[in-house]
>>> print(open('protein-v7.cif').read())   # mmCIF, C-alpha atoms
data_final
#
loop_
_atom_site.label_atom_id
_atom_site.label_comp_id
_atom_site.auth_asym_id
_atom_site.auth_seq_id
_atom_site.Cartn_x
_atom_site.Cartn_y
_atom_site.Cartn_z
CA MET W 281 -73.16 -72.01 55.03
CA LEU W 282 -75.28 -74.54 56.69
CA LEU W 283 -78.69 -75.71 55.78
CA ALA W 284 -81.19 -75.34 58.59
CA ALA W 285 -84.32 -77.50 58.53
CA GLN W 286 -85.18 -78.58 54.97
CA GLU W 287 -85.10 -75.24 53.18
CA PRO W 288 -82.68 -75.19 50.22
CA GLY W 289 -79.87 -72.69 50.15
CA ARG W 290 -79.34 -72.09 53.86
CA TRP W 291 -75.75 -72.41 54.97
CA PHE W 292 -73.53 -72.46 58.03
CA SER W 293 -70.20 -70.70 58.29
CA ASP W 294 -66.94 -71.77 59.77
CA ARG W 295 -67.03 -75.03 61.66
CA ALA W 296 -70.16 -76.16 63.33
CA ALA W 297 -72.05 -78.78 65.22
CA PRO W 298 -75.71 -79.17 66.13
CA PRO W 299 -76.62 -77.06 69.17
CA GLU W 300 -76.00 -79.94 71.56
CA GLY W 301 -72.62 -80.84 70.04
CA ASP W 302 -69.29 -80.07 71.70
CA CYS W 303 -67.36 -78.31 68.99
CA GLN W 304 -65.05 -75.36 68.44
CA VAL W 305 -65.41 -72.93 65.60
CA THR W 306 -63.38 -70.23 63.88
CA ILE W 307 -62.58 -66.75 65.16
CA PHE W 308 -63.97 -63.46 63.92
CA SER W 309 -61.65 -60.52 64.49
CA GLN W 310 -60.41 -57.44 62.67
CA TYR W 311 -57.00 -57.78 64.36
CA SER W 312 -55.74 -61.06 62.89
CA GLY W 313 -55.46 -62.70 59.50
CA TYR W 314 -57.75 -65.63 60.30
CA GLY W 315 -60.22 -63.36 62.06
CA THR W 316 -60.36 -60.83 59.23
CA ASP W 317 -60.88 -63.62 56.71
CA GLY W 318 -63.59 -65.02 58.98
CA PHE W 319 -65.53 -61.78 58.63
CA GLY W 320 -64.67 -61.62 54.92
CA LEU W 321 -65.89 -65.14 54.21
CA LEU W 322 -69.07 -64.53 56.19
CA ARG W 323 -69.76 -61.31 54.28
CA ALA W 324 -69.02 -62.95 50.94
CA LEU W 325 -71.44 -65.81 51.57
CA HIS W 326 -74.12 -63.39 52.72
CA ARG W 327 -73.66 -61.23 49.62
CA TRP W 328 -73.73 -64.32 47.46
CA GLY W 329 -77.23 -65.06 48.71
CA CYS W 330 -76.54 -67.89 51.17
CA GLU W 331 -78.39 -68.03 54.46
CA VAL W 332 -75.37 -68.03 56.75
CA TYR W 333 -75.09 -69.19 60.36
CA PRO W 334 -71.73 -68.31 61.96
CA GLN W 335 -70.62 -70.17 65.07
CA PRO W 336 -67.40 -68.63 66.40
CA VAL W 337 -65.18 -69.70 69.26
CA TRP W 338 -64.81 -66.00 70.06
CA VAL W 339 -65.58 -62.67 68.45
CA ASP W 340 -63.51 -59.52 68.82
CA VAL W 341 -65.41 -56.25 68.84
CA PRO W 342 -66.28 -54.27 66.93
CA ILE W 343 -68.35 -56.58 64.75
CA PRO W 344 -68.93 -54.95 61.35
CA GLY W 345 -72.41 -53.46 61.32
CA ASP W 346 -73.49 -55.23 58.14
CA LEU W 347 -72.76 -58.63 59.75
CA LEU W 348 -74.07 -58.05 63.26
CA HIS W 349 -77.52 -59.50 62.54
CA LEU W 350 -75.98 -62.83 61.44
CA PHE W 351 -74.59 -63.63 64.89
CA GLY W 352 -76.77 -65.30 67.48
CA ARG W 353 -78.88 -67.30 65.06
CA THR W 354 -80.10 -70.63 66.36
CA LEU W 355 -78.64 -73.58 64.50
CA ALA W 356 -80.88 -76.41 63.36
CA ALA W 357 -79.68 -79.48 61.45
CA PRO W 358 -79.48 -80.78 58.75
CA PHE W 359 -76.87 -78.60 57.06
CA ASP W 360 -75.79 -78.39 53.44
CA LEU W 361 -72.23 -77.16 53.89
CA LEU W 362 -69.95 -76.82 56.89
CA ILE W 363 -66.67 -74.91 56.61
CA ASN W 364 -64.05 -74.98 59.34
CA HIS W 365 -61.78 -72.04 58.58
CA TRP W 366 -58.86 -71.93 61.01
CA ASP W 367 -55.27 -72.98 61.64
CA PRO W 368 -54.26 -76.67 61.32
CA GLY W 369 -54.36 -77.28 65.06
CA HIS W 370 -58.08 -76.46 65.16
CA LEU W 371 -59.29 -78.44 62.14
CA PHE W 372 -61.79 -80.51 64.06
CA ILE W 373 -65.52 -81.17 64.02
CA THR W 374 -67.54 -83.60 66.05
CA ARG W 375 -68.96 -86.83 64.70
CA GLU W 376 -72.42 -85.37 65.30
CA ALA W 377 -71.60 -82.36 63.16
CA ARG W 378 -70.32 -84.61 60.39
CA LEU W 379 -73.53 -86.64 60.42
CA ALA W 380 -75.62 -83.47 60.36
CA THR W 381 -74.03 -81.96 57.25
CA ARG W 382 -73.88 -83.06 53.62
CA VAL W 383 -70.41 -81.66 52.82
CA ALA W 384 -67.66 -80.62 55.28
CA VAL W 385 -64.64 -78.56 54.20
CA ALA W 386 -61.49 -77.76 56.20
CA TRP W 387 -59.86 -74.52 55.00
CA THR W 388 -56.58 -73.40 56.47
CA MET W 389 -53.33 -71.49 56.05
CA TRP W 390 -49.84 -72.12 57.43
CA GLU W 391 -46.83 -69.88 56.97
CA PHE W 392 -43.92 -72.22 57.66
CA ALA W 393 -42.05 -74.57 55.32
CA GLY W 394 -40.80 -78.00 56.33
CA GLY W 395 -37.29 -78.76 57.55
CA PRO W 396 -34.65 -81.43 56.95
CA GLY W 397 -35.68 -83.51 59.95
CA LYS W 398 -33.42 -84.97 62.63
CA ASP W 399 -32.70 -88.01 60.48
CA GLY W 400 -32.44 -86.10 57.21
CA GLN W 401 -35.76 -87.47 55.94
CA GLY W 402 -37.61 -84.14 56.02
CA VAL W 403 -40.47 -83.05 58.23
CA SER W 404 -43.69 -81.06 57.89
CA GLY W 405 -43.78 -77.30 58.41
CA LEU W 406 -45.88 -78.03 61.51
CA VAL W 407 -42.83 -79.56 63.22
CA PRO W 408 -41.90 -78.52 65.89
CA HIS W 409 -44.24 -75.52 65.73
CA CYS W 410 -47.68 -77.09 66.09
CA LYS W 411 -48.86 -79.24 68.99
CA GLY W 412 -51.45 -81.96 68.58
CA ARG W 413 -50.18 -83.24 65.23
CA THR W 414 -50.89 -86.83 66.24
CA LEU W 415 -54.60 -86.00 66.37
CA LEU W 416 -54.78 -84.50 62.90
CA PRO W 417 -55.34 -87.76 60.96
CA ARG W 418 -58.25 -88.58 63.24
CA ASN W 419 -59.65 -85.06 63.10
CA LEU W 420 -59.35 -84.64 59.34
CA ARG W 421 -61.12 -87.91 58.54
CA TRP W 422 -64.48 -86.19 59.11
CA PHE W 423 -63.93 -83.81 56.19
CA ASP W 424 -64.69 -84.32 52.54
CA MET W 425 -62.10 -81.78 51.46
CA LEU W 426 -59.02 -80.01 52.81
CA LEU W 427 -58.08 -76.69 51.20
CA GLY W 428 -54.81 -74.89 51.89
CA TYR W 429 -54.34 -71.21 51.16
CA ASP W 430 -51.13 -72.03 49.30
CA GLU W 431 -48.66 -74.81 48.53
CA VAL W 432 -46.87 -74.28 51.85
CA SER W 433 -50.12 -74.75 53.78
CA LEU W 434 -51.00 -77.92 51.90
CA ALA W 435 -47.49 -79.38 52.18
CA ALA W 436 -47.46 -78.85 55.94
CA LEU W 437 -50.63 -80.95 56.30
CA GLU W 438 -49.85 -83.57 53.67
CA PRO W 439 -48.36 -86.17 56.08
CA TYR W 440 -51.46 -85.99 58.28
CA THR W 441 -54.24 -85.96 55.67
CA PRO W 442 -56.19 -89.22 55.22
CA ARG W 443 -56.10 -90.52 51.67
CA LYS W 444 -59.86 -90.33 51.22
CA VAL W 445 -59.95 -86.58 51.96
CA ARG W 446 -59.78 -84.50 48.78
CA ARG W 447 -57.23 -81.71 48.86
CA GLY W 448 -56.28 -78.65 46.90
CA VAL W 449 -55.06 -75.05 46.98
CA LEU W 450 -57.54 -72.20 47.24
CA GLN W 451 -56.54 -68.90 48.79
CA GLY W 452 -58.99 -66.74 50.73
CA GLY W 453 -60.20 -63.53 49.12
CA TYR W 454 -60.74 -59.87 49.88
CA ASP W 455 -63.48 -57.30 49.28
CA SER W 456 -62.16 -55.47 46.23
CA SER W 457 -65.19 -53.16 46.13
CA ASP W 458 -63.95 -51.54 49.36
CA TRP W 459 -60.98 -50.05 47.52
CA ARG W 460 -60.48 -47.78 44.53
CA PRO W 461 -57.54 -46.41 42.54
CA LEU W 462 -55.96 -43.44 44.31
CA SER W 463 -54.08 -40.56 42.72
CA ARG W 464 -50.37 -40.38 43.57
CA ASP W 465 -47.63 -38.02 42.46
CA TRP W 466 -45.07 -40.54 41.24
CA ASP W 467 -42.56 -37.80 40.40
CA SER W 468 -42.58 -36.22 43.83
CA PRO W 469 -39.23 -36.24 45.69
CA ARG W 470 -41.25 -37.26 48.77
CA PHE W 471 -41.57 -40.86 47.67
CA GLY W 472 -43.26 -43.00 50.29
CA PHE W 473 -42.67 -46.61 51.33
CA LEU W 474 -44.97 -48.17 53.92
CA MET W 475 -45.89 -51.28 55.87
CA HIS W 476 -49.30 -52.01 57.37
CA GLY W 477 -50.85 -54.75 59.49
CA ALA W 478 -49.97 -56.68 62.62
CA LEU W 479 -46.26 -55.92 62.23
CA ASN W 480 -44.91 -58.64 64.47
CA LYS W 481 -41.70 -60.59 63.97
CA ARG W 482 -43.21 -62.69 61.18
CA LYS W 483 -43.84 -59.54 59.12
CA ALA W 484 -40.13 -58.62 59.45
CA PRO W 485 -40.58 -54.86 59.92
CA TRP W 486 -37.01 -54.48 61.17
CA THR W 487 -35.71 -55.95 57.91
CA ALA W 488 -37.41 -53.04 56.13
CA VAL W 489 -36.19 -50.50 58.69
CA GLN W 490 -32.56 -51.69 58.42
CA ALA W 491 -32.60 -51.71 54.61
CA PHE W 492 -34.24 -48.28 54.46
CA THR W 493 -31.87 -46.77 57.03
CA ALA W 494 -28.81 -48.15 55.24
CA LEU W 495 -29.90 -46.39 52.04
CA LYS W 496 -30.20 -43.10 53.91
CA PHE W 497 -26.52 -43.27 54.85
CA GLU W 498 -25.26 -44.79 51.60
CA ARG W 499 -27.13 -42.46 49.22
CA PRO W 500 -27.28 -39.00 50.82
CA GLY W 501 -28.69 -36.06 48.92
CA PRO W 502 -31.95 -35.09 47.21
CA TRP W 503 -33.82 -36.94 44.46
CA PRO W 504 -32.92 -38.22 41.88
CA GLU W 505 -29.37 -39.12 42.96
CA GLY W 506 -29.95 -39.30 46.71
CA PHE W 507 -32.41 -40.92 49.10
CA ASP W 508 -32.92 -38.04 51.57
CA ASP W 509 -36.57 -37.34 50.75
CA ALA W 510 -37.78 -40.96 50.81
CA SER W 511 -40.00 -41.85 53.76
CA LEU W 512 -41.02 -45.08 55.48
CA ALA W 513 -44.30 -45.26 57.41
CA LEU W 514 -45.09 -48.33 59.52
CA HIS W 515 -48.61 -48.82 60.87
CA THR W 516 -49.22 -51.72 63.24
CA VAL W 517 -52.38 -52.77 65.03
CA ALA W 518 -50.38 -54.95 67.43
CA PRO W 519 -47.73 -53.06 69.43
CA GLY W 520 -44.77 -55.13 70.48
CA ASP W 521 -42.00 -55.10 67.90
CA LEU W 522 -42.78 -51.44 67.10
CA PHE W 523 -43.84 -48.65 69.48
CA PRO W 524 -44.38 -44.87 69.18
CA GLU W 525 -41.28 -44.01 71.23
CA LEU W 526 -39.24 -44.98 68.18
CA ASN W 527 -40.41 -41.88 66.33
CA GLU W 528 -37.89 -39.60 68.03
CA PRO W 529 -34.74 -41.53 67.05
CA PHE W 530 -36.26 -42.35 63.64
CA GLU W 531 -37.17 -38.77 62.77
CA ALA W 532 -33.91 -37.89 61.02
CA GLN W 533 -34.33 -40.87 58.67
CA ARG W 534 -37.95 -39.90 57.84
CA ILE W 535 -39.30 -43.06 59.44
CA LYS W 536 -42.65 -42.81 61.21
CA VAL W 537 -44.36 -45.45 63.38
CA PHE W 538 -48.13 -45.49 63.92
CA VAL W 539 -49.63 -47.74 66.59
CA ASP W 540 -53.37 -47.33 66.26
CA ALA W 541 -56.58 -48.88 64.93
CA PHE W 542 -57.21 -47.01 61.69
CA ASP W 543 -60.76 -46.77 60.38
CA HIS W 544 -61.32 -47.33 56.67
CA ARG W 545 -61.04 -43.67 55.71
CA THR W 546 -57.80 -43.21 57.66
CA LEU W 547 -56.34 -46.38 56.16
CA GLU W 548 -57.22 -45.14 52.68
CA GLU W 549 -55.38 -41.89 53.38
CA PHE W 550 -52.44 -43.89 54.70
CA TYR W 551 -52.34 -45.94 51.49
CA LYS W 552 -52.63 -42.79 49.37
CA ALA W 553 -49.59 -41.24 51.08
CA GLY W 554 -47.40 -44.17 50.01
CA HIS W 555 -46.15 -45.35 46.63
CA CYS W 556 -44.83 -48.79 47.54
CA LEU W 557 -45.86 -51.31 50.22
CA LEU W 558 -43.02 -53.45 51.56
CA ALA W 559 -43.80 -57.01 52.69
CA PRO W 560 -40.55 -58.89 53.44
CA SER W 561 -42.56 -61.41 55.48
CA LEU W 562 -41.12 -64.65 56.82
CA GLY W 563 -44.32 -66.36 55.66
CA GLU W 564 -47.84 -65.42 54.59
CA GLY W 565 -51.14 -67.10 53.89
CA LYS W 566 -52.26 -64.24 51.65
CA ASN W 567 -51.31 -60.71 52.83
CA LEU W 568 -54.50 -58.69 52.79
CA PRO W 569 -52.76 -55.26 52.95
CA ALA W 570 -50.83 -56.11 49.77
CA LEU W 571 -54.04 -56.93 47.88
CA GLU W 572 -55.73 -53.78 49.14
CA PHE W 573 -52.75 -51.58 48.31
CA MET W 574 -52.46 -52.97 44.78
CA THR W 575 -56.15 -52.26 44.25
CA THR W 576 -55.43 -48.60 44.98
CA GLY W 577 -52.73 -48.58 42.28
CA GLY W 578 -49.68 -48.79 44.52
CA ALA W 579 -46.64 -50.99 43.91
CA VAL W 580 -45.87 -53.94 46.19
CA ALA W 581 -42.54 -55.61 46.96
CA ALA W 582 -43.16 -58.95 48.72
CA THR W 583 -41.30 -62.14 49.60
CA ALA W 584 -41.58 -64.62 46.72
CA PHE W 585 -42.73 -67.37 49.08
CA GLY W 586 -45.90 -68.93 50.46
CA GLY W 587 -49.20 -67.14 50.05
CA HIS W 588 -47.62 -64.28 48.14
CA MET W 589 -46.93 -66.68 45.28
CA GLN W 590 -50.64 -67.31 44.77
CA TRP W 591 -51.08 -63.83 43.32
CA MET W 592 -47.48 -62.73 42.73
CA ASN W 593 -46.31 -61.87 39.22
CA ALA W 594 -43.33 -59.72 38.27
CA ASP W 595 -45.52 -57.93 35.71
CA TYR W 596 -47.38 -56.12 38.50
CA ALA W 597 -45.30 -56.64 41.67
CA TYR W 598 -41.71 -56.91 42.89
CA PRO W 599 -40.84 -60.46 44.08
CA LEU W 600 -38.23 -60.45 46.86
CA GLU W 601 -35.58 -63.15 47.05
CA TYR W 602 -35.29 -65.11 50.29
CA GLU W 603 -33.33 -67.73 52.17
CA LEU W 604 -35.09 -70.54 54.01
CA THR W 605 -33.77 -70.54 57.57
CA PRO W 606 -34.82 -72.38 60.75
CA THR W 607 -37.81 -70.77 62.46
CA PHE W 608 -36.45 -71.88 65.85
CA GLU W 609 -32.68 -71.76 66.39
CA GLN W 610 -32.89 -74.60 68.90
CA CYS W 611 -34.68 -76.79 66.32
CA PRO W 612 -32.83 -76.28 63.01
CA TRP W 613 -34.28 -79.56 61.71
CA GLY W 614 -37.90 -78.35 62.08
CA ALA W 615 -40.03 -75.59 60.57
CA HIS W 616 -38.34 -73.04 58.30
CA SER W 617 -39.13 -69.42 57.46
CA ALA W 618 -38.30 -67.29 54.42
CA ARG W 619 -35.92 -64.46 55.31
CA VAL W 620 -35.28 -61.64 52.86
CA PRO W 621 -31.61 -60.54 52.97
CA ILE W 622 -31.27 -56.90 53.96
CA GLU W 623 -28.84 -56.22 51.11
CA HIS W 624 -31.34 -57.55 48.57
CA LEU W 625 -34.24 -55.55 50.00
CA LYS W 626 -32.06 -52.46 49.99
CA ASP W 627 -31.36 -52.96 46.27
CA VAL W 628 -35.05 -53.42 45.46
CA ILE W 629 -36.08 -50.34 47.45
CA TRP W 630 -33.53 -48.23 45.59
CA HIS W 631 -34.59 -49.70 42.24
CA ILE W 632 -38.24 -48.78 42.89
CA TYR W 633 -37.24 -45.32 44.08
CA ALA W 634 -35.12 -44.74 40.96
CA HIS W 635 -37.60 -46.27 38.46
CA ARG W 636 -40.84 -44.46 39.24
CA ASP W 637 -42.51 -45.06 35.85
CA GLU W 638 -41.96 -48.81 36.12
CA ALA W 639 -43.47 -48.90 39.61
CA ARG W 640 -46.43 -46.80 38.46
CA ARG W 641 -47.09 -49.16 35.52
CA LYS W 642 -46.97 -52.20 37.79
CA GLY W 643 -49.48 -50.57 40.14
CA ALA W 644 -51.80 -49.68 37.28
CA LEU W 645 -51.77 -53.26 35.98
CA ALA W 646 -52.43 -54.64 39.47
CA VAL W 647 -55.59 -52.50 39.68
CA ASP W 648 -56.99 -54.51 36.78
CA VAL W 649 -55.67 -57.98 37.65
CA ILE W 650 -55.92 -58.40 41.43
CA PRO W 651 -59.70 -57.90 41.90
CA LYS W 652 -60.48 -60.31 39.07
CA MET W 653 -58.28 -62.97 40.64
CA CYS W 654 -58.65 -62.43 44.39
CA ASP W 655 -62.09 -60.96 45.13
CA TRP W 656 -64.10 -63.08 47.58
CA GLN W 657 -66.84 -63.66 45.01
CA VAL W 658 -64.31 -65.16 42.59
CA VAL W 659 -63.00 -67.37 45.37
CA LEU W 660 -66.48 -68.52 46.42
CA GLU W 661 -67.38 -69.50 42.89
CA ALA W 662 -64.17 -71.53 42.72
CA LEU W 663 -65.02 -73.17 46.06
CA PHE W 664 -68.45 -74.26 44.87
CA ARG W 665 -67.04 -75.54 41.56
CA ARG W 666 -64.42 -77.54 43.42
CA ILE W 667 -67.06 -79.10 45.68
CA ARG W 668 -69.06 -80.01 42.56
CA ASP W 669 -66.09 -81.62 40.84
CA GLU W 670 -64.32 -83.29 43.77
CA VAL W 671 -66.96 -84.42 46.29
CA LYS W 672 -68.69 -87.47 44.93
CA GLY W 673 -72.35 -87.80 45.75
CA PRO W 674 -73.64 -84.53 47.26
CA GLY W 675 -71.06 -82.25 45.56
CA PRO W 676 -73.08 -81.44 42.41
CA ALA W 677 -76.24 -80.88 44.48
CA ILE W 678 -74.42 -78.40 46.73
CA TYR W 679 -73.16 -76.56 43.65
CA ASP W 680 -76.68 -76.36 42.21
CA LEU W 681 -77.99 -75.00 45.51
CA ALA W 682 -75.24 -72.39 45.60
CA MET W 683 -75.89 -71.28 42.03
CA GLY W 684 -79.60 -71.18 42.73
CA CYS W 685 -79.29 -68.71 45.60
CA ARG W 686 -76.63 -66.54 43.95
CA GLN W 687 -77.44 -62.86 43.77
CA GLU W 688 -76.81 -61.77 40.19
CA ASP W 689 -75.45 -58.24 40.36
CA GLY W 690 -72.50 -56.41 38.85
CA ASP W 691 -70.12 -57.24 41.66
CA LEU W 692 -70.51 -60.97 41.06
CA SER W 693 -69.54 -60.96 37.39
CA LEU W 694 -65.84 -61.18 38.27
CA GLY W 695 -65.78 -64.95 38.48
CA ALA W 696 -66.15 -65.46 34.74
CA LEU W 697 -63.10 -63.32 34.00
CA MET W 698 -60.18 -65.05 35.68
CA ALA W 699 -59.28 -68.13 37.71
CA PRO W 700 -58.75 -67.40 41.40
CA ALA W 701 -55.28 -67.03 42.87
CA GLY W 702 -53.41 -70.31 43.08
CA TRP W 703 -56.23 -72.44 41.68
CA ARG W 704 -54.87 -75.97 41.64
CA ARG W 705 -56.01 -79.51 42.27
CA ALA W 706 -53.72 -81.69 44.31
#
>>> encode(input="protein-v7.cif", output="structure tokens")
Amino acid sequence: MLLAAQEPGRWFSDRAAPPEGDCQVTIFSQYSGYGTDGFGLLRALHRWGCEVYPQPVWVDVPIPGDLLHLFGRTLAAPFDLLINHWDPGHLFITREARLATRVAVAWTMWEFAGGPGKDGQGVSGLVPHCKGRTLLPRNLRWFDMLLGYDEVSLAALEPYTPRKVRRGVLQGGYDSSDWRPLSRDWDSPRFGFLMHGALNKRKAPWTAVQAFTALKFERPGPWPEGFDDASLALHTVAPGDLFPELNEPFEAQRIKVFVDAFDHRTLEEFYKAGHCLLAPSLGEGKNLPALEFMTTGGAVAATAFGGHMQWMNADYAYPLEYELTPTFEQCPWGAHSARVPIEHLKDVIWHIYAHRDEARRKGALAVDVIPKMCDWQVVLEALFRRIRDEVKGPGPAIYDLAMGCRQEDGDLSLGALMAPAGWRRA
């Protein structure tokens, strides 16, 4: 996303400086939300037709083969567009980088709501979670625009954002073409619930396990009156809260834990084996597994908070109620998280299990809606339009450059069909 030399349509991705500048950049990794979106954004810009120059702080291997040739390129100013895509604490570019680029965008997500504050006046969701808050006003002044993945992200940064910096909500996307509708037997007694991702504490896997286990004891017997044949599969790429040794005590409840790095084909089979993905997260910027699973035609039950609310609709998903509670017990006045009550999740799981046709219809509708709203190409088009409309001076020129290098193929026609998830001006 950065223009090198004077050739139009060459771009630099994800927070940059000239080669001699001292500057950090975003991460690229298939094992974290930011890192996965780093690869996704890079791929989307490349497919769009931009000449992209990534400059990461670090890269986790493996690097996707289709992106490998983009790394290691030599940067050369001036640049058309610089995007720093990372958490609030790393939204920083050097003065030299600012002078070398026409438009600079900070793009971030944050999963924690604000708290009441020690004096009852209310505090940002960054407090007391994020260090270096005092530097944010100085760091953000170099940007033309700040984009949050959702309202929670934007609200957390609101007290620190200089007035001159434009702001708005724009959630990151996903590659919808990687997924397809999968056939499921919705009438099978072996009805499958699942969770997938880095199932750490924030994803609340034990909330799902406790709700699922309670139903096993409260509703014994076979389908349709009992819950005996229901299964819960949990796949995590980050062992810690879950580990394979749990499979022995979980076996009687038909709960299975996978701790492994699934390739795409294995993950597709994992999705196909389940009917409903559970996401009782304490906070989310987007939830990539939910978008992928809905694209396969599965039903999703997710916390009605944060990034989920950018794409959430009861017509094609199951919103979960929550209670905002302190993220840190020792700091009840600071950041808050959204906790789904176990009793409520238990009721929703049973409702889905007992109303198969409803869940199937929701999944079928999601197949049509989610790609048109959340695909990376839809998101990129919205990004370029926002730059055109909000950044005075070079904004329209950047938009014209982007439209001029756009590859017109079938996959890019999505943008004309639906506004992206959470599209809103601040």
>>> resolve_selection(input="protein-v7.cif", expression="the PyMOL selection byres ((chain W and resi 576) around 10)", output="ChimeraX atom specification")
/W:456,459-464,548,551-552,555,571-575,577-579,643-644,646-647
>>> atom_distance(input="protein-v7.cif", atom1="CA of Leu371 in chain W", atom2="CA of Ala357 in chain W")
20.4 Å
>>> residues_near_point(input="protein-v7.cif", point="(-62.0, -78.3, 62.5)", cutoff="7 Å", atoms="only C-alpha atoms", output="PyMOL selection string")
chain W and resi 295+364+370-373+386
>>> resolve_selection(input="protein-v7.cif", expression="the PyMOL selection byres ((chain W and resi 532) around 12)", output="PyMOL selection string")
chain W and resi 493+496-497+508-512+526-531+533-536
>>> resolve_selection(input="protein-v7.cif", expression="the PyMOL selection byres ((chain W and resi 350) around 12)", output="compact mmCIF listing (two decimals) with C-alpha atoms, in the frame of the given file")
# COMPACT_ATOMS: atom_id res chain seq x y z
CA MET W 281 -73.16 -72.01 55.03
CA TRP W 291 -75.75 -72.41 54.97
CA PHE W 292 -73.53 -72.46 58.03
CA SER W 293 -70.20 -70.70 58.29
CA PHE W 319 -65.53 -61.78 58.63
CA LEU W 322 -69.07 -64.53 56.19
CA ARG W 323 -69.76 -61.31 54.28
CA LEU W 325 -71.44 -65.81 51.57
CA HIS W 326 -74.12 -63.39 52.72
CA CYS W 330 -76.54 -67.89 51.17
CA GLU W 331 -78.39 -68.03 54.46
CA VAL W 332 -75.37 -68.03 56.75
CA TYR W 333 -75.09 -69.19 60.36
CA PRO W 334 -71.73 -68.31 61.96
CA GLN W 335 -70.62 -70.17 65.07
CA PRO W 336 -67.40 -68.63 66.40
CA ILE W 343 -68.35 -56.58 64.75
CA PRO W 344 -68.93 -54.95 61.35
CA GLY W 345 -72.41 -53.46 61.32
CA ASP W 346 -73.49 -55.23 58.14
CA LEU W 347 -72.76 -58.63 59.75
CA LEU W 348 -74.07 -58.05 63.26
CA HIS W 349 -77.52 -59.50 62.54
CA PHE W 351 -74.59 -63.63 64.89
CA GLY W 352 -76.77 -65.30 67.48
CA ARG W 353 -78.88 -67.30 65.06
CA THR W 354 -80.10 -70.63 66.36
CA LEU W 355 -78.64 -73.58 64.50
>>> atom_distance(input="protein-v7.cif", atom1="CA of Trp503 in chain W", atom2="CA of Ala553 in chain W")
17.6 Å
>>> atom_distance(input="protein-v7.cif", atom1="CA of Thr516 in chain W", atom2="CA of Asp465 in chain W")
24.9 Å
>>> closest_residue(input="protein-v7.cif", among="W:Leu450, W:Val339, W:Leu514, W:Leu361", to="Met389 in chain W", atoms="all atoms listed in the file")
W:Leu450
>>> closest_atom_pairs(input="protein-v7.cif", of="range 604-628 of chain W", to="range 477-492 of chain W", cutoff="12 Å", atoms="all atoms listed in the file", output="CSV")
residue,atom,partner,partner_atom,distance
W:Thr607,CA,W:Arg482,CA,9.8
W:His616,CA,W:Arg482,CA,11.8
W:Ser617,CA,W:Arg482,CA,8.7
W:Ala618,CA,W:Arg482,CA,9.5
W:Arg619,CA,W:Ala484,CA,8.3
W:Val620,CA,W:Thr487,CA,7.6
W:Pro621,CA,W:Thr487,CA,7.9
W:Ile622,CA,W:Ala491,CA,5.4
W:Glu623,CA,W:Ala491,CA,6.8
W:His624,CA,W:Ala491,CA,8.5
W:Leu625,CA,W:Ala491,CA,6.2
W:Lys626,CA,W:Ala491,CA,4.7
W:Asp627,CA,W:Ala491,CA,8.5
W:Val628,CA,W:Ala491,CA,9.6
>>> closest_residue(input="protein-v7.cif", among="W:Gly684, W:Gly453, W:Gly586, W:Gly369", to="Ala435 in chain W", atoms="only C-alpha atoms")
W:Gly586
>>> residues_around(input="protein-v7.cif", residues="Pro674 in chain W", least_positions_apart="5", cutoff="8 Å", atoms="all atoms listed in the file", output="MDAnalysis selection string")
chainID W and resid 382:383 668
>>> closest_residue(input="protein-v7.cif", among="W:Pro368, W:Gly412, W:Gly320, W:Pro606", to="Trp390 in chain W", atoms="only C-alpha atoms")
W:Pro368
